[in-house]
>>> print(open('upload.txt').read())   # compact mmCIF, N, CA and C atoms
# COMPACT_ATOMS: atom_id res chain seq x y z
N MET A 83 0.73 7.91 11.21
CA MET A 83 0.28 7.04 10.13
C MET A 83 0.99 5.69 10.16
N LYS A 84 2.13 5.59 10.85
CA LYS A 84 2.91 4.36 10.80
C LYS A 84 2.08 3.15 11.24
N MET A 85 1.41 3.22 12.38
CA MET A 85 0.62 2.09 12.85
C MET A 85 -0.63 1.91 12.00
N CYS A 86 -1.18 3.01 11.50
CA CYS A 86 -2.38 2.94 10.66
C CYS A 86 -2.14 2.13 9.40
N ARG A 87 -0.94 2.24 8.82
CA ARG A 87 -0.69 1.52 7.58
C ARG A 87 -0.76 0.01 7.79
N PHE A 88 -0.42 -0.46 9.00
CA PHE A 88 -0.53 -1.88 9.28
C PHE A 88 -1.99 -2.28 9.41
N VAL A 89 -2.79 -1.42 10.03
CA VAL A 89 -4.23 -1.67 10.14
C VAL A 89 -4.86 -1.67 8.76
N ILE A 90 -4.45 -0.74 7.92
CA ILE A 90 -4.97 -0.66 6.56
C ILE A 90 -4.63 -1.93 5.79
N ALA A 91 -3.40 -2.38 5.89
CA ALA A 91 -2.99 -3.62 5.21
C ALA A 91 -3.79 -4.80 5.72
N ASP A 92 -4.02 -4.88 7.01
CA ASP A 92 -4.81 -5.98 7.57
C ASP A 92 -6.24 -5.94 7.03
N GLN A 93 -6.81 -4.75 6.92
CA GLN A 93 -8.16 -4.62 6.38
C GLN A 93 -8.22 -5.04 4.90
N LEU A 94 -7.20 -4.67 4.15
CA LEU A 94 -7.15 -5.08 2.75
C LEU A 94 -7.06 -6.61 2.63
N LYS A 95 -6.25 -7.22 3.47
CA LYS A 95 -6.13 -8.68 3.47
C LYS A 95 -7.47 -9.34 3.77
N ARG A 96 -8.23 -8.77 4.69
CA ARG A 96 -9.55 -9.32 5.03
C ARG A 96 -10.51 -9.24 3.86
N ARG A 97 -10.23 -8.33 2.94
CA ARG A 97 -11.07 -8.18 1.74
C ARG A 97 -10.54 -9.01 0.57
N GLY A 98 -9.54 -9.83 0.83
CA GLY A 98 -9.00 -10.71 -0.20
C GLY A 98 -7.96 -10.06 -1.09
N ILE A 99 -7.44 -8.91 -0.68
CA ILE A 99 -6.41 -8.21 -1.45
C ILE A 99 -5.06 -8.55 -0.84
N GLU A 100 -4.16 -9.03 -1.66
CA GLU A 100 -2.83 -9.39 -1.17
C GLU A 100 -2.07 -8.11 -0.85
N ALA A 101 -1.73 -7.95 0.40
CA ALA A 101 -0.98 -6.78 0.86
C ALA A 101 0.13 -7.25 1.78
N VAL A 102 1.32 -6.80 1.54
CA VAL A 102 2.47 -7.17 2.35
C VAL A 102 3.08 -5.90 2.90
N THR A 103 3.35 -5.89 4.19
CA THR A 103 3.96 -4.72 4.81
C THR A 103 5.41 -5.02 5.18
N VAL A 104 6.16 -3.97 5.45
CA VAL A 104 7.54 -4.17 5.89
C VAL A 104 7.55 -4.91 7.23
N ARG A 105 6.52 -4.73 8.02
CA ARG A 105 6.40 -5.48 9.28
C ARG A 105 6.29 -6.98 8.98
N ASP A 106 5.47 -7.33 7.98
CA ASP A 106 5.32 -8.74 7.60
C ASP A 106 6.65 -9.36 7.21
N LEU A 107 7.48 -8.57 6.54
CA LEU A 107 8.77 -9.06 6.04
C LEU A 107 9.90 -8.90 7.04
N GLY A 108 9.62 -8.27 8.18
CA GLY A 108 10.65 -8.03 9.18
C GLY A 108 11.66 -6.99 8.74
N LEU A 109 11.21 -6.00 7.97
CA LEU A 109 12.13 -5.02 7.39
C LEU A 109 11.82 -3.58 7.84
N LEU A 110 11.25 -3.41 9.02
CA LEU A 110 10.99 -2.06 9.51
C LEU A 110 12.29 -1.27 9.62
N GLY A 111 12.26 -0.02 9.22
CA GLY A 111 13.43 0.84 9.33
C GLY A 111 14.37 0.81 8.14
N ILE A 112 14.09 -0.02 7.15
CA ILE A 112 14.93 -0.09 5.95
C ILE A 112 14.57 1.09 5.05
N ALA A 113 15.56 1.62 4.34
CA ALA A 113 15.34 2.78 3.45
C ALA A 113 14.32 2.46 2.36
N ASP A 114 13.54 3.46 1.98
CA ASP A 114 12.49 3.29 0.98
C ASP A 114 13.00 2.72 -0.34
N VAL A 115 14.17 3.14 -0.77
CA VAL A 115 14.70 2.64 -2.04
C VAL A 115 14.88 1.12 -1.98
N ASN A 116 15.23 0.60 -0.82
CA ASN A 116 15.37 -0.85 -0.67
C ASN A 116 14.02 -1.55 -0.76
N HIS A 117 12.97 -0.89 -0.29
CA HIS A 117 11.62 -1.46 -0.40
C HIS A 117 11.21 -1.55 -1.86
N LEU A 118 11.54 -0.54 -2.64
CA LEU A 118 11.20 -0.53 -4.06
C LEU A 118 11.91 -1.69 -4.78
N VAL A 119 13.18 -1.85 -4.51
CA VAL A 119 13.94 -2.94 -5.13
C VAL A 119 13.38 -4.29 -4.72
N ARG A 120 13.09 -4.45 -3.45
CA ARG A 120 12.56 -5.73 -2.95
C ARG A 120 11.17 -6.02 -3.53
N ALA A 121 10.30 -5.01 -3.55
CA ALA A 121 8.94 -5.20 -4.10
C ALA A 121 9.01 -5.60 -5.56
N THR A 122 9.86 -4.95 -6.31
CA THR A 122 10.02 -5.27 -7.73
C THR A 122 10.51 -6.71 -7.89
N GLY A 123 11.48 -7.09 -7.09
CA GLY A 123 12.02 -8.45 -7.16
C GLY A 123 11.00 -9.51 -6.78
N MET A 124 10.06 -9.15 -5.92
CA MET A 124 9.02 -10.09 -5.49
C MET A 124 7.80 -10.05 -6.41
N GLY A 125 7.81 -9.13 -7.38
CA GLY A 125 6.68 -9.02 -8.30
C GLY A 125 5.51 -8.24 -7.74
N TYR A 126 5.75 -7.41 -6.73
CA TYR A 126 4.69 -6.61 -6.12
C TYR A 126 4.73 -5.19 -6.65
N VAL A 127 3.60 -4.53 -6.50
CA VAL A 127 3.52 -3.10 -6.76
C VAL A 127 3.79 -2.40 -5.44
N LEU A 128 4.71 -1.46 -5.46
CA LEU A 128 4.93 -0.62 -4.29
C LEU A 128 4.10 0.62 -4.52
N GLY A 129 2.95 0.68 -3.87
CA GLY A 129 2.02 1.78 -4.12
C GLY A 129 2.39 3.01 -3.35
N ILE A 130 2.34 4.12 -4.02
CA ILE A 130 2.48 5.40 -3.36
C ILE A 130 1.16 6.12 -3.55
N VAL A 131 0.46 6.24 -2.45
CA VAL A 131 -0.85 6.89 -2.47
C VAL A 131 -0.78 8.02 -1.46
N LEU A 132 -1.08 9.20 -1.92
CA LEU A 132 -0.99 10.36 -1.05
C LEU A 132 -2.37 10.82 -0.59
N GLY A 133 -2.43 11.25 0.62
CA GLY A 133 -3.64 11.80 1.19
C GLY A 133 -3.28 12.51 2.48
N GLN A 134 -4.21 13.22 3.02
CA GLN A 134 -3.96 13.94 4.27
C GLN A 134 -4.39 13.07 5.44
N GLN A 135 -3.42 12.72 6.28
CA GLN A 135 -3.67 11.81 7.38
C GLN A 135 -4.79 12.32 8.29
N LYS A 136 -4.79 13.58 8.58
CA LYS A 136 -5.79 14.13 9.49
C LYS A 136 -7.15 14.29 8.82
N ARG A 137 -7.17 14.22 7.51
CA ARG A 137 -8.42 14.41 6.78
C ARG A 137 -9.13 13.09 6.46
N HIS A 138 -8.37 12.01 6.33
CA HIS A 138 -8.94 10.73 5.93
C HIS A 138 -8.88 9.73 7.08
N TRP A 139 -9.95 8.99 7.25
CA TRP A 139 -10.00 7.93 8.25
C TRP A 139 -9.51 6.63 7.65
N ILE A 140 -9.21 5.67 8.50
CA ILE A 140 -8.71 4.39 8.03
C ILE A 140 -9.67 3.77 7.02
N GLY A 141 -10.95 3.83 7.29
CA GLY A 141 -11.94 3.27 6.38
C GLY A 141 -11.90 3.91 5.00
N GLU A 142 -11.62 5.21 4.95
CA GLU A 142 -11.51 5.90 3.66
C GLU A 142 -10.28 5.44 2.90
N TRP A 143 -9.17 5.24 3.61
CA TRP A 143 -7.96 4.73 2.97
C TRP A 143 -8.21 3.34 2.41
N VAL A 144 -8.84 2.49 3.21
CA VAL A 144 -9.11 1.11 2.79
C VAL A 144 -10.01 1.11 1.56
N LYS A 145 -11.09 1.88 1.60
CA LYS A 145 -12.03 1.92 0.48
C LYS A 145 -11.33 2.45 -0.78
N GLY A 146 -10.54 3.52 -0.64
CA GLY A 146 -9.83 4.08 -1.78
C GLY A 146 -8.86 3.09 -2.39
N LEU A 147 -8.11 2.39 -1.56
CA LEU A 147 -7.16 1.39 -2.05
C LEU A 147 -7.88 0.20 -2.66
N GLU A 148 -9.01 -0.17 -2.08
CA GLU A 148 -9.81 -1.27 -2.63
C GLU A 148 -10.30 -0.92 -4.04
N ILE A 149 -10.73 0.31 -4.22
CA ILE A 149 -11.18 0.76 -5.55
C ILE A 149 -10.02 0.76 -6.53
N MET A 150 -8.86 1.27 -6.11
CA MET A 150 -7.69 1.28 -6.99
C MET A 150 -7.32 -0.14 -7.39
N HIS A 151 -7.38 -1.06 -6.46
CA HIS A 151 -7.06 -2.46 -6.74
C HIS A 151 -8.01 -3.04 -7.79
N ALA A 152 -9.28 -2.65 -7.69
CA ALA A 152 -10.28 -3.15 -8.63
C ALA A 152 -10.14 -2.54 -10.02
N VAL A 153 -9.66 -1.30 -10.09
CA VAL A 153 -9.62 -0.55 -11.34
C VAL A 153 -8.30 -0.71 -12.09
N TYR A 154 -7.19 -0.70 -11.37
CA TYR A 154 -5.88 -0.68 -12.00
C TYR A 154 -5.19 -2.04 -11.93
N THR A 155 -4.47 -2.39 -12.98
CA THR A 155 -3.61 -3.56 -12.94
C THR A 155 -2.25 -3.13 -12.40
N ALA A 156 -1.40 -4.10 -12.10
CA ALA A 156 -0.05 -3.78 -11.64
C ALA A 156 0.68 -2.94 -12.69
N GLU A 157 0.47 -3.27 -13.96
CA GLU A 157 1.11 -2.51 -15.03
C GLU A 157 0.61 -1.07 -15.08
N ASN A 158 -0.68 -0.86 -14.80
CA ASN A 158 -1.23 0.50 -14.76
C ASN A 158 -0.60 1.34 -13.65
N MET A 159 -0.18 0.68 -12.58
CA MET A 159 0.35 1.40 -11.42
C MET A 159 1.84 1.71 -11.53
N GLN A 160 2.51 1.20 -12.56
CA GLN A 160 3.93 1.49 -12.72
C GLN A 160 4.13 2.98 -12.96
N ASN A 161 5.08 3.56 -12.23
CA ASN A 161 5.46 4.96 -12.37
C ASN A 161 4.26 5.90 -12.16
N ARG A 162 3.39 5.53 -11.25
CA ARG A 162 2.16 6.28 -11.03
C ARG A 162 2.07 6.66 -9.55
N VAL A 163 1.57 7.83 -9.29
CA VAL A 163 1.27 8.28 -7.93
C VAL A 163 -0.22 8.60 -7.90
N GLU A 164 -0.91 8.10 -6.91
CA GLU A 164 -2.34 8.34 -6.77
C GLU A 164 -2.61 9.21 -5.55
N TYR A 165 -3.65 9.98 -5.61
CA TYR A 165 -4.07 10.84 -4.52
C TYR A 165 -5.43 10.39 -4.03
N LEU A 166 -5.56 10.23 -2.72
CA LEU A 166 -6.82 9.80 -2.14
C LEU A 166 -7.68 11.03 -1.86
>>> encode(input="upload.txt", output="C-alpha cells")
Amino acid sequence: MKMCRFVIADQLKRRGIEAVTVRDLGLLGIADVNHLVRATGMGYVLGIVLGQQKRHWIGEWVKGLEIMHAVYTAENMQNRVEYL
C-alpha cells in the first residue's frame, strides 16, 4: 500500500482536493505521531481511513476519499476513523 498511497494522493490532487503526503514533505520514515503533530500545526486533517488493501482498488480508495471530502469538514474528521 505504500506506493499506492502516493498514487491515491496524486489522483485526489487531480480532482482539486488538497492532499499532502510525507513524500511531498520529504518526511518518509518519520514516526506516525510526528505526522499527527506536523499535520495539526499545518492546519491539515490527518485522515485515518481503513480498508482491506487486497479488497479495494486504487479507484475505490480515491472515490471513497473524494466522497468523504465532499461530505465532512475538517472539524467533522477530528478524532474520527472511517472505514472504506
>>> residues_around(input="upload.txt", residues="Ala156 in chain A", least_positions_apart="2", cutoff="10 Å", atoms="only C-alpha atoms", output="list in words")
Gly125, Tyr126, Val127, Leu128, Gly129, His151, Tyr154, Asn158, Met159 and Gln160 of chain A
>>> atom_distance(input="upload.txt", atom1="atom N of Gln93 in chain A", atom2="CA of Val144 in chain A")
7.5 Å
>>> residues_around(input="upload.txt", residues="Leu132 in chain A", least_positions_apart="6", cutoff="8 Å", atoms="only C-alpha atoms", output="number ranges by chain")
A: 163-166
>>> residues_around(input="upload.txt", residues="Glu148 in chain A", least_positions_apart="6", cutoff="8 Å", atoms="all atoms listed in the file", output="PyMOL selection string")
chain A and resi 94+99+142+154
>>> atom_distance(input="upload.txt", atom1="CA of Gly133 in chain A", atom2="atom C of Arg120 in chain A")
23.6 Å
>>> residues_near_point(input="upload.txt", point="(2.8, -4.7, 3.5)", cutoff="8 Å", atoms="only N, CA and C atoms", output="NGL selection string")
:A and (87-88 or 91-92 or 100-107)
